[in-house]
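Heads up: the structure comes next, in structure tokens.
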Amino acid sequence: MRKNQLASLIKTFLISFVMLPFAIIMTPFVKRKKIASSDFFSLGLDFEREPQETLKLLQELEIERVLLRIKLWEMDKLPLLKEFILQCKDKKITLKILQDREHVEDLQLLQKDLETIFNSLSSHVDMFEIGSTINRAKWGFFSVDEYANFYQVAYNLKKSKFKDIKLIGSGVIDFEYHFTSHTLFNSLGCHFDATSALLYVDRRGAPENMQMGFTLQDKISLLSTMVWLSPKSAHELHITETNWPISNTAPYAPTSEHECVSEELYADFMLRYHLLTLASQQVDTLSWHQLIASGYGLVDARDGLRKREAFEVYKYMLKSLKDAQFLRLDIKRGYYILQFLINNQLLQIHWSLKKTTLKREDFFEKVCSYDGKEIENETLHIGSSPLYIYIKDSLS
């Protein structure tokens, strides 16, 4: 199958050979946007898994944006999906449309099923992500050209019948931007209303760790630069999946035990990933994948429903930052200080890659752990788990 797509694979190589070095050169010149924190946070859901409990958990979290998925080979579940979406009518919905090989090869079938989805849900869905994980053969695509033909069907439907829908793509997973470059720089007639990516960094350990000399923020900056340079996409970037697999959850963890982390580190890493991404001011939405999942979710479903520590961590992050204005990020020798303005009060979030201590200052009004518990100690222990430090009289 790869040999059959050799021409497309050569194009991917040639385009990335030119565009990736150019994008790296241009990265320092890309302006940051003002990202609305109220719209930044998103949470992936499985609408079939404990739907009523899911709705209760969403209400508890008070999250405003969720991501749902529909599989093209399960079109019979569309009414069930619509029923769930109607119960989430106060949320902004991103719908990820997952492909199979039959729909990649049969574009008439694809058109019929996409039209059915758009007719049913276009008035209830904020964004449709067309396809996912396009650089993994097990998900049905063997080249970018195959994905482009797939996406073109959705784009033609948008132009002819559904002018108001928002289509995003291409859903490349991991740090494999040579595939992204081909989707963003080509001679095809389609256009993305925003670019999506599944930017996992779990195989590198902590989110601050480097891969080929790139940190998470470097990867985001490079991807944002490519979107900014591309004539094929509006200047929006959405990370529609990220997580870390959790230890001792086989067979539910998506990787081997070697890549898995403890529940405490899962909470630390996911929180820090979100903080660093928000600080980049280049990602419009970030979706935690996902709410209920035994191997990588906020809630463990192996023996009833058990909220992991990360649930409270996510809940407190949403509560603290949903109306926050980003100010700055300072990094010095592995010590991170992130600053926000919230209702005229300064909030600092501290963490360190090496354990250290910080003396409690008189101007610290309140200090909270990463899950919102107030800390009264005079000596603060700064490490892997971020601390929220509220500053007195920020504007006086």
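Identifiers in this document derive from the order of the structure tokens: chains are assigned A, B, ..., residues are numbered from 1 separately in each chain, and ligands are numbered from 1 in order of occurrence.
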Skip Leu298 of chain A itself and residues of its chain fewer than 2 positions away, then list as a list in words all residues within 10 Å of it, counting only C-alpha atoms.
->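 The residues satisfying every condition are Leu43, Glu263, Tyr266, Ala267, Trp288, His289, Gln290, Leu291, Ile292, Ala293, Ser294, Gly295, Tyr296, Asp300, Ala301, Arg306, Lys307, Arg308, Glu309, Ala310, Phe311, Glu312, Val313 and Tyr314 of chain A.
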Strand (DSSP E) positions in segment 84-287 of chain A, given as a ChimeraX atom specification = /A:92-98,127-130,167-173,194-198,237-239,285-287
Could you pull the residues within 10 Å of Asn119 of chain A, counting only C-alpha atoms, minus those fewer than 4 positions along the same chain, as a ChimeraX atom specification?
-> /A:113-115,123,161-162
For the selection you just gave me, I'd like the residues written to a file as a PDB file, in the first residue's frame, keeping N, CA, C and O atoms.
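Result written to result_31.pdb:
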ATOM      1  N   ASP A 113     -22.293   9.898   3.820  1.00  0.00           N
ATOM      2  CA  ASP A 113     -22.305   9.861   5.282  1.00  0.00           C
ATOM      3  C   ASP A 113     -21.952  11.218   5.886  1.00  0.00           C
ATOM      4  O   ASP A 113     -22.523  11.617   6.911  1.00  0.00           O
ATOM      5  N   LEU A 114     -21.017  11.950   5.272  1.00  0.00           N
ATOM      6  CA  LEU A 114     -20.713  13.293   5.768  1.00  0.00           C
ATOM      7  C   LEU A 114     -21.919  14.210   5.635  1.00  0.00           C
ATOM      8  O   LEU A 114     -22.219  15.008   6.544  1.00  0.00           O
ATOM      9  N   GLU A 115     -22.618  14.114   4.526  1.00  0.00           N
ATOM     10  CA  GLU A 115     -23.808  14.940   4.341  1.00  0.00           C
ATOM     11  C   GLU A 115     -24.861  14.615   5.397  1.00  0.00           C
ATOM     12  O   GLU A 115     -25.537  15.512   5.918  1.00  0.00           O
ATOM     13  N   SER A 123     -26.016  22.559  13.086  1.00  0.00           N
ATOM     14  CA  SER A 123     -26.484  23.658  13.930  1.00  0.00           C
ATOM     15  C   SER A 123     -26.104  23.478  15.398  1.00  0.00           C
ATOM     16  O   SER A 123     -26.342  24.371  16.217  1.00  0.00           O
ATOM     17  N   LYS A 161     -23.275  23.208   0.164  1.00  0.00           N
ATOM     18  CA  LYS A 161     -24.503  23.053   0.937  1.00  0.00           C
ATOM     19  C   LYS A 161     -24.424  23.530   2.385  1.00  0.00           C
ATOM     20  O   LYS A 161     -25.469  23.809   2.993  1.00  0.00           O
ATOM     21  N   PHE A 162     -23.221  23.600   2.947  1.00  0.00           N
ATOM     22  CA  PHE A 162     -23.101  23.882   4.376  1.00  0.00           C
ATOM     23  C   PHE A 162     -22.073  24.992   4.598  1.00  0.00           C
ATOM     24  O   PHE A 162     -21.044  24.798   5.238  1.00  0.00           O
TER      25      PHE A 162
END
Within 10 Å of Ser369 of chain A, counting only C-alpha atoms, which residues qualify if same-chain residues fewer than 6 places away don't, as a ChimeraX atom specification?
-> /A:313,316,349,375,385-389
Could you work out how far atom CA of Lys96 of chain A lies from atom CA of Asp323 of chain A, giving the answer in Å with one decimal?
->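 Atom-to-atom, atom CA of Asp323 of chain A and atom CA of Lys96 of chain A are spaced 26.6 Å apart.
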Closest of A:Tyr390, A:Gln99, A:Leu57, A:Gly383 to Lys366 of chain A, counting only C-alpha atoms, is A:Tyr390
Find the spatial neighbours of Ser256 of chain A, counting only C-alpha atoms, within a cut-off of 9 Å - ignore same-chain residues fewer than 4 positions away - and output them as a PyMOL selection string.
-> chain A and resi 245+250+260
Could you give me the residues within segment 183-384 of chain A that DSSP places in alpha helix (DSSP H), as a PyMOL selection string?
-> chain A and resi 183-184+216-229+263-280+309-321
Spatial neighbours of Leu216 of chain A, 9 Å, only C-alpha atoms, chain gap at least 6 places, as an MDAnalysis selection string | chainID A and resid 199 201 207:210 273 276:277
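Between Thr215 of chain A and the residues A:Lys355, A:Leu110, A:Phe175, A:Glu48, the shortest atom-to-atom distance, using only C-alpha atoms, involves A:Phe175.
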Determine, for each residue of segment 116-219 of chain A having at least one atom at most 12 Å from an atom of segment 22-42 of chain A, the closest pair of atoms and their separation in Å to one decimal, counting only C-alpha atoms; order by chain and ascending number, as a tab-separated table.
residue	atom	partner	partner_atom	distance
A:Asp126	CA	A:Asp39	CA	11.8
A:Tyr177	CA	A:Ala23	CA	10.7
A:His178	CA	A:Ala23	CA	11.5
A:Thr180	CA	A:Ala23	CA	12.0
A:Ser181	CA	A:Ala23	CA	9.6
A:Leu184	CA	A:Ala23	CA	11.8
A:Phe185	CA	A:Ala23	CA	11.7
A:Phe214	CA	A:Ile24	CA	10.9
A:Gln217	CA	A:Thr27	CA	11.5
A:Asp218	CA	A:Thr27	CA	9.0
A:Lys219	CA	A:Ile24	CA	10.1
Write out, as an mmCIF file, in the first residue's frame, the residues just selected, with N, CA and C atoms.
data_model
loop_
_atom_site.group_PDB
_atom_site.id
_atom_site.type_symbol
_atom_site.label_atom_id
_atom_site.label_comp_id
_atom_site.auth_asym_id
_atom_site.auth_seq_id
_atom_site.Cartn_x
_atom_site.Cartn_y
_atom_site.Cartn_z
ATOM 1 N N ASP A 126 -19.714 23.259 16.884
ATOM 2 C CA ASP A 126 -18.894 24.449 16.626
ATOM 3 C C ASP A 126 -17.849 24.180 15.553
ATOM 4 N N TYR A 177 6.019 16.659 11.643
ATOM 5 C CA TYR A 177 5.523 17.820 10.915
ATOM 6 C C TYR A 177 5.775 17.759 9.412
ATOM 7 N N HIS A 178 6.539 16.761 8.954
ATOM 8 C CA HIS A 178 6.693 16.617 7.507
ATOM 9 C C HIS A 178 5.350 16.276 6.867
ATOM 10 N N THR A 180 2.433 17.287 8.223
ATOM 11 C CA THR A 180 1.675 18.539 8.343
ATOM 12 C C THR A 180 2.052 19.514 7.247
ATOM 13 N N SER A 181 3.338 19.599 6.931
ATOM 14 C CA SER A 181 3.779 20.542 5.897
ATOM 15 C C SER A 181 3.135 20.230 4.552
ATOM 16 N N LEU A 184 -0.390 21.526 4.501
ATOM 17 C CA LEU A 184 -0.505 22.989 4.547
ATOM 18 C C LEU A 184 0.078 23.687 3.322
ATOM 19 N N PHE A 185 0.898 22.988 2.568
ATOM 20 C CA PHE A 185 1.538 23.599 1.398
ATOM 21 C C PHE A 185 1.401 22.644 0.211
ATOM 22 N N PHE A 214 13.892 20.126 20.418
ATOM 23 C CA PHE A 214 12.670 20.920 20.519
ATOM 24 C C PHE A 214 11.942 20.599 21.822
ATOM 25 N N GLN A 217 7.106 23.788 23.850
ATOM 26 C CA GLN A 217 6.807 25.140 23.342
ATOM 27 C C GLN A 217 7.476 25.389 21.993
ATOM 28 N N ASP A 218 8.648 24.814 21.768
ATOM 29 C CA ASP A 218 9.287 24.923 20.450
ATOM 30 C C ASP A 218 8.440 24.237 19.390
ATOM 31 N N LYS A 219 7.907 23.062 19.718
ATOM 32 C CA LYS A 219 7.062 22.336 18.766
ATOM 33 C C LYS A 219 5.811 23.144 18.425
#
